[in-house]
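Trainee: File follows, protein16.txt with compact mmCIF, C-alpha atoms:
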# COMPACT_ATOMS: atom_id res chain seq x y z
CA MET I 882 86.75 95.23 88.34
CA ASN I 883 87.09 97.06 91.65
CA SER I 884 86.10 94.15 93.84
CA THR I 885 86.37 94.88 97.55
CA ALA I 886 87.63 91.34 98.24
CA PRO I 887 91.27 91.04 99.36
CA VAL I 888 93.68 90.09 96.55
CA PHE I 889 94.64 86.82 98.27
CA PRO I 890 92.67 84.74 100.78
CA LYS I 891 93.54 84.97 104.47
CA GLY I 892 94.99 81.47 104.56
CA SER I 893 96.01 79.29 107.50
CA PRO I 894 96.94 80.44 111.02
CA LEU I 895 100.64 81.15 111.62
CA PRO I 896 102.35 79.67 114.70
CA LYS I 897 102.19 81.57 117.99
CA ASP I 898 105.89 80.75 118.47
CA TRP I 899 106.77 83.38 115.85
CA PHE I 900 103.77 85.72 115.82
CA VAL I 901 101.81 87.64 118.47
CA GLY I 902 98.06 87.75 117.80
CA ASP I 903 96.24 86.31 114.80
CA ALA I 904 98.32 86.12 111.63
CA PHE I 905 97.62 83.93 108.60
CA LEU I 906 99.56 82.68 105.57
CA THR I 907 98.59 81.88 101.99
CA PRO I 908 101.69 80.37 100.31
CA LEU I 909 101.98 81.69 96.74
CA LEU I 910 105.29 80.42 95.37
CA SER I 911 108.06 78.02 96.36
CA PRO I 912 111.72 78.25 95.36
CA ASP I 913 112.70 76.24 92.29
CA HIS I 914 115.47 76.15 89.69
CA ASN I 915 114.59 79.73 88.59
CA ASN I 916 113.44 81.28 91.89
CA SER I 917 115.79 81.53 94.88
CA TYR I 918 112.91 82.95 96.96
CA SER I 919 109.49 82.06 98.25
CA VAL I 920 106.41 84.28 98.05
CA GLY I 921 103.56 84.25 100.52
CA SER I 922 100.65 86.49 101.45
CA VAL I 923 100.54 87.22 105.19
CA TRP I 924 97.38 88.57 106.80
CA PHE I 925 97.62 90.33 110.20
CA GLU I 926 94.47 90.97 112.21
CA LYS I 927 94.44 94.18 114.30
CA GLY I 928 97.21 93.92 116.91
CA ALA I 929 98.97 91.00 115.22
CA ARG I 930 102.69 91.16 114.42
CA THR I 931 105.74 89.04 113.73
CA ASN I 932 108.32 88.42 116.42
CA TRP I 933 111.57 90.29 116.01
CA HIS I 934 113.55 88.42 113.32
CA THR I 935 116.27 88.62 110.67
CA HIS I 936 116.62 87.38 107.08
CA PRO I 937 120.05 86.19 105.87
CA LYS I 938 119.44 87.50 102.33
CA GLY I 939 116.69 90.08 102.87
CA GLN I 940 112.96 90.21 102.18
CA ASN I 941 110.68 92.47 100.14
CA LEU I 942 107.13 93.32 101.20
CA LEU I 943 104.34 94.43 98.85
CA VAL I 944 101.54 95.75 101.06
CA THR I 945 98.19 94.73 99.52
CA GLU I 946 95.64 95.63 102.24
CA GLY I 947 95.24 98.00 105.16
CA GLN I 948 97.93 99.63 107.28
CA GLY I 949 100.53 98.63 109.83
CA PHE I 950 104.14 99.05 110.91
CA TYR I 951 107.70 98.05 109.98
CA GLN I 952 110.39 98.69 112.57
CA LYS I 953 114.14 98.09 112.57
CA LYS I 954 115.67 97.51 116.01
CA GLY I 955 116.66 100.82 117.60
CA LYS I 956 114.86 102.94 114.96
CA PRO I 957 111.44 104.63 114.95
CA ALA I 958 108.66 102.45 113.49
CA GLN I 959 107.57 103.27 109.95
CA ILE I 960 103.88 103.28 108.94
CA ILE I 961 103.29 100.97 105.96
CA LYS I 962 100.06 100.86 103.94
CA LYS I 963 98.43 99.33 100.87
CA GLY I 964 100.60 99.99 97.79
CA ASP I 965 103.87 100.40 99.73
CA VAL I 966 107.00 98.38 98.92
CA ILE I 967 109.41 97.67 101.79
CA VAL I 968 112.96 96.44 101.12
CA ILE I 969 114.32 94.70 104.22
CA PRO I 970 118.12 94.32 104.21
CA GLU I 971 119.96 91.15 105.20
CA ASN I 972 120.70 90.49 108.88
CA VAL I 973 118.79 93.49 110.22
CA GLU I 974 116.65 92.76 113.29
CA HIS I 975 113.10 94.00 112.65
CA TRP I 976 109.36 93.24 112.87
CA HIS I 977 106.25 94.02 110.85
CA GLY I 978 102.55 93.72 111.49
CA ALA I 979 99.15 95.36 111.70
CA SER I 980 98.42 98.45 113.76
CA ALA I 981 96.25 98.19 116.87
CA GLN I 982 93.33 99.70 114.89
CA THR I 983 93.84 98.35 111.36
CA GLU I 984 94.32 94.98 109.66
CA MET I 985 97.20 94.65 107.20
CA ALA I 986 98.20 92.16 104.52
CA HIS I 987 101.39 91.98 102.50
CA SER I 988 102.95 89.68 99.93
CA ALA I 989 106.43 88.77 101.16
CA ILE I 990 109.20 87.82 98.73
CA THR I 991 111.79 86.13 100.93
CA ASN I 992 115.21 85.32 99.52
CA PHE I 993 117.04 82.15 100.45
CA GLU I 994 120.69 81.87 101.44
CA ASP I 995 121.36 78.16 101.02
CA ASP I 996 118.41 76.60 102.85
CA SER I 997 117.85 79.48 105.27
CA GLN I 998 115.54 82.48 104.96
CA VAL I 999 114.65 83.63 108.50
CA THR I 1000 115.94 83.55 112.09
CA TRP I 1001 113.16 84.07 114.64
CA LEU I 1002 113.87 86.04 117.83
CA GLN I 1003 111.87 87.34 120.81
CA PRO I 1004 108.25 88.63 120.59
CA VAL I 1005 107.51 92.34 120.15
CA SER I 1006 106.45 93.12 123.71
CA GLU I 1007 103.17 94.81 124.63
CA GLU I 1008 105.17 97.85 125.75
CA GLU I 1009 107.12 98.06 122.46
CA TYR I 1010 103.88 97.64 120.49
CA ARG I 1011 101.96 100.22 122.54
CA THR I 1012 104.78 102.72 122.00
CA VAL I 1013 104.73 102.50 118.19
CA ASN I 1014 100.92 102.66 118.22
CA ASP I 1015 101.15 105.79 120.41
CA LEU I 1016 98.79 104.19 122.98
CA MET O 5 90.13 98.35 105.05
CA ASN O 6 88.38 97.07 101.94
CA SER O 7 89.24 100.03 99.77
CA THR O 8 88.12 99.64 96.15
CA ALA O 9 91.27 101.40 94.89
CA PRO O 10 93.77 99.25 92.98
CA VAL O 11 96.71 98.03 95.10
CA PHE O 12 99.25 99.88 92.93
CA PRO O 13 98.79 102.96 90.74
CA LYS O 14 98.44 102.53 86.99
CA GLY O 15 101.84 104.06 86.29
CA SER O 16 103.40 105.18 83.02
CA PRO O 17 102.50 104.02 79.49
CA LEU O 18 104.47 101.03 78.17
CA PRO O 19 106.01 101.18 74.68
CA LYS O 20 103.87 100.23 71.67
CA ASP O 21 106.89 98.29 70.35
CA TRP O 22 106.25 95.57 72.94
CA PHE O 23 102.56 95.93 73.81
CA VAL O 24 99.33 96.12 71.83
CA GLY O 25 96.79 98.57 73.30
CA ASP O 26 97.16 100.59 76.48
CA ALA O 27 99.42 99.01 79.10
CA PHE O 28 101.09 100.83 82.01
CA LEU O 29 103.95 100.14 84.42
CA THR O 30 104.59 101.06 88.04
CA PRO O 31 108.14 99.88 88.88
CA LEU O 32 108.21 98.41 92.40
CA LEU O 33 111.67 96.92 92.91
CA SER O 34 115.04 96.84 91.14
CA PRO O 35 117.62 94.07 91.33
CA ASP O 36 120.35 94.58 93.93
CA HIS O 37 122.89 92.49 95.86
CA ASN O 38 120.06 90.42 97.43
CA ASN O 39 117.47 90.41 94.62
CA SER O 40 118.29 88.89 91.22
CA TYR O 41 114.87 90.00 89.94
CA SER O 42 112.84 93.10 89.34
CA VAL O 43 109.23 93.60 90.41
CA GLY O 44 106.74 95.82 88.60
CA SER O 45 102.97 96.27 88.53
CA VAL O 46 101.60 96.15 84.98
CA TRP O 47 98.13 97.47 84.21
CA PHE O 48 96.36 96.34 81.00
CA GLU O 49 93.30 98.21 79.77
CA LYS O 50 90.63 96.11 78.04
CA GLY O 51 92.15 94.60 74.88
CA ALA O 52 95.76 95.37 75.88
CA ARG O 53 98.39 92.62 75.87
CA THR O 54 102.11 92.00 75.70
CA ASN O 55 103.74 90.91 72.48
CA TRP O 56 104.82 87.29 72.36
CA HIS O 57 108.05 87.05 74.36
CA THR O 58 110.37 84.80 76.38
CA HIS O 59 112.23 85.13 79.70
CA PRO O 60 115.68 83.53 80.02
CA LYS O 61 115.12 82.71 83.72
CA GLY O 62 111.33 82.78 84.01
CA GLN O 63 108.80 85.20 85.48
CA ASN O 64 106.10 84.96 88.17
CA LEU O 65 102.83 86.87 87.97
CA LEU O 66 100.64 87.78 90.96
CA VAL O 67 97.31 88.95 89.52
CA THR O 68 96.02 91.85 91.63
CA GLU O 69 93.04 93.17 89.63
CA GLY O 70 90.51 91.99 87.10
CA GLN O 71 90.81 89.16 84.60
CA GLY O 72 92.75 88.32 81.46
CA PHE O 73 94.74 85.64 79.67
CA TYR O 74 98.08 83.83 79.71
CA GLN O 75 98.96 81.75 76.66
CA LYS O 76 101.97 79.61 75.81
CA LYS O 77 102.68 79.27 72.07
CA GLY O 78 100.75 76.35 70.61
CA LYS O 79 98.62 75.83 73.76
CA PRO O 80 95.09 76.96 74.65
CA ALA O 81 94.97 80.31 76.47
CA GLN O 82 94.41 80.16 80.23
CA ILE O 83 92.07 82.58 82.00
CA ILE O 84 93.89 84.41 84.82
CA LYS O 85 92.17 86.52 87.47
CA LYS O 86 92.73 88.48 90.69
CA GLY O 87 94.46 86.23 93.27
CA ASP O 88 96.03 83.86 90.72
CA VAL O 89 99.75 83.11 90.65
CA ILE O 90 101.30 82.23 87.28
CA VAL O 91 104.75 80.62 87.06
CA ILE O 92 106.23 81.21 83.61
CA PRO O 93 109.12 78.86 82.76
CA GLU O 94 112.36 79.97 81.13
CA ASN O 95 112.54 80.24 77.32
CA VAL O 96 108.85 79.52 76.69
CA GLU O 97 107.22 81.79 74.11
CA HIS O 98 104.03 83.29 75.61
CA TRP O 99 101.92 86.40 76.12
CA HIS O 100 99.66 87.80 78.84
CA GLY O 101 97.16 90.61 79.00
CA ALA O 102 93.62 91.78 79.65
CA SER O 103 90.56 90.24 78.07
CA ALA O 104 88.57 92.19 75.49
CA GLN O 105 85.92 92.95 78.18
CA THR O 106 87.99 93.25 81.39
CA GLU O 107 90.98 95.20 82.64
CA MET O 108 93.73 93.24 84.38
CA ALA O 109 96.72 94.12 86.56
CA HIS O 110 99.50 91.89 87.83
CA SER O 111 102.70 92.25 89.78
CA ALA O 112 105.48 90.63 87.76
CA ILE O 113 108.57 89.19 89.45
CA THR O 114 111.07 88.83 86.60
CA ASN O 115 114.28 86.93 87.18
CA PHE O 116 117.54 88.04 85.60
CA GLU O 117 120.06 85.81 83.83
CA ASP O 118 123.16 87.98 83.77
CA ASP O 119 121.80 91.31 82.47
CA SER O 120 118.91 89.84 80.51
CA GLN O 121 115.30 89.23 81.55
CA VAL O 122 113.14 89.33 78.41
CA THR O 123 113.31 88.81 74.63
CA TRP O 124 110.48 90.56 72.80
CA LEU O 125 108.93 88.95 69.70
CA GLN O 126 106.00 89.63 67.35
CA PRO O 127 102.67 91.18 68.45
CA VAL O 128 99.69 88.98 69.36
CA SER O 129 97.65 89.45 66.19
CA GLU O 130 94.01 90.58 66.16
CA GLU O 131 93.07 87.10 64.91
CA GLU O 132 94.99 85.33 67.71
CA TYR O 133 93.46 87.67 70.28
CA ARG O 134 89.90 87.32 68.91
CA THR O 135 90.26 83.54 69.06
CA VAL O 136 91.22 83.38 72.75
CA ASN O 137 88.44 85.89 73.55
CA ASP O 138 86.00 83.68 71.65
CA LEU O 139 84.89 86.65 69.52
Could you spell out this file's structure in structure tokens?

Mentor:
Amino acid sequence: MNSTAPVFPKGSPLPKDWFVGDAFLTPLLSPDHNNSYSVGSVWFEKGARTNWHTHPKGQNLLVTEGQGFYQKKGKPAQIIKKGDVIVIPENVEHWHGASAQTEMAHSAITNFEDDSQVTWLQPVSEEEYRTVNDL
Amino acid sequence: MNSTAPVFPKGSPLPKDWFVGDAFLTPLLSPDHNNSYSVGSVWFEKGARTNWHTHPKGQNLLVTEGQGFYQKKGKPAQIIKKGDVIVIPENVEHWHGASAQTEMAHSAITNFEDDSQVTWLQPVSEEEYRTVNDL
């Protein structure tokens, strides 16, 4: 019952254009006539994080492994860990990822607005990342 | 990292009107202006299962612990286990739950049609349940 294996496999590498470090995706669910969202499991190795980005109709994260951060632009970063649920509002610039010392995985439920679900922005800089990690 | 604890806590007991055996719910997400679905983690002890039921706009299950069954009315039961994703169509009579020998937990993303997301029907009988468990 209490297997130590992650809930979902690590998956395939995510593009360096939108992520810093080693992040991976296992797609779980595509939008269809009932679901106006996709679901995917994202694995972040230590130090890995999304670029800053926005979602036109929000995103919900279910953290399934480890510990990391979620930060809205101009706000203190929030520690997120296995079992946490994060509701990300529409059109709010933010990033999420692992901590420098800990891997993190979350299932992301990402809502669509028409055909759009994310706008990618600039990377989270080394200085920004060191600050939230208190390094 | 590889904690053996379940991803989500067991939660509160679910009503015997709609479940056979001991099933529990941890609510994770409510519908809002961006989300036309709820998300909850349902824990089934060995032998526990939903009643037969339908969803007017479907439901998606992400199995996070253990092993159990998903059965559409008139079809063979399908074994479901940690890491599986189950897409349940709209208006299809079905049940899901643990096996007789194994606990099971899943996160359920349940779509709303207007204010409705489920119609509960009769219990899965002991005979039906013994059959799918091959007992």

Trainee: For I:Ser997, please output as a list in words all residues within 12 Å (counting all atoms listed in the file; exclusion window: fewer than 5 positions along the same chain).

Mentor: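 Returned residues: Pro912, Ser917, Tyr918, Ser919, Thr935, His936, Pro937, Lys938, Gly939, Glu971, Asn972, Thr991 and Asn992 of chain I.
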
Trainee: Dump as an NGL selection string all residues having an atom at most 9 Å from (95.6, 79.4, 108.8), computed in the file's coordinates with only C-alpha atoms.

Mentor: :I and (891-896 or 904-907)

Trainee: Select, from I:Pro908, I:Gly921, I:Pro970, I:Pro957, the residue with the minimum atom-to-atom distance to I:His987, counting all atoms listed in the file.

Mentor: I:Gly921

Trainee: Extract, using only C-alpha atoms, all DNA, RNA and protein residues at most 9 Å from I:Gln959, discarding same-chain residues fewer than 2 positions from it, and format them as a CSV table (one decimal) with C-alpha atoms, in the coordinates of the input.

Mentor:
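Saved the output as result-v6.csv:
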chain,number,residue,atom,x,y,z
I,949,GLY,CA,100.5,98.6,109.8
I,950,PHE,CA,104.1,99.0,110.9
I,951,TYR,CA,107.7,98.0,110.0
I,952,GLN,CA,110.4,98.7,112.6
I,953,LYS,CA,114.1,98.1,112.6
I,956,LYS,CA,114.9,102.9,115.0
I,957,PRO,CA,111.4,104.6,115.0
I,961,ILE,CA,103.3,101.0,106.0
I,1013,VAL,CA,104.7,102.5,118.2

Trainee: Considering only C-alpha atoms, return as a PyMOL selection string whatever protein or nucleic-acid residues lie within 12 Å of O:His100, sequence-local ones (same chain, fewer than 3 positions apart) excluded.

Mentor: chain O and resi 22-24+27+46-48+51-58+63-65+67+71-77+81-85+90+92+97+103+108-110+112+127-128+133+136

Trainee: Looking at I:Asp996, I:Glu984, I:Asp903, I:Glu926, which one is nearest to chain O, with distances taken over only C-alpha atoms?

Mentor: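 Nearest candidate to chain O out of I:Asp996, I:Glu984, I:Asp903, I:Glu926: I:Glu984.
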
Trainee: Per residue of chain O within 6 Å of chain I, which atom pair is closest and at what distance in Å (one decimal), using only C-alpha atoms, listed by chain and increasing number, as a Markdown table?

Mentor:
| residue | atom | partner | partner_atom | distance |
| --- | --- | --- | --- | --- |
| O:Met5 | CA | I:Gly947 | CA | 5.1 |
| O:Asn6 | CA | I:Thr885 | CA | 5.3 |
| O:Thr8 | CA | I:Thr885 | CA | 5.3 |
| O:Val11 | CA | I:Gly964 | CA | 5.1 |
| O:Phe12 | CA | I:Gly964 | CA | 5.0 |
| O:Asn38 | CA | I:Lys938 | CA | 5.7 |
| O:Lys61 | CA | I:Asn915 | CA | 5.7 |
| O:Thr68 | CA | I:Val888 | CA | 5.7 |
| O:Gly70 | CA | I:Met882 | CA | 5.1 |
| O:Gly87 | CA | I:Phe889 | CA | 5.0 |

Trainee: Nearest residue to I:Asp898 out of I:Glu1009, I:Trp976, I:Trp1001, I:Leu1016, using only C-alpha atoms?

Mentor: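 Closest residue, counting only C-alpha atoms: I:Trp1001.
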
Trainee: Work out how far atom CA of I:Ala979 is from atom CA of O:Ser34, in Å to one decimal.

Mentor: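 About the pair atom CA of O:Ser34 and atom CA of I:Ala979: they are 26.0 Å apart.
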
Trainee: Atom CA of I:Arg1011 and atom CA of I:Ala981, how far apart in Å?

Mentor: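 Between atom CA of I:Ala981 and atom CA of I:Arg1011 the gap is 8.3 Å.
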
Trainee: Report the distance between atom CA of I:Asp1015 and atom CA of I:Gln982 in Å, rounded to one decimal place.

Mentor: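 Rounded to one decimal, the two atoms are 11.3 Å apart.
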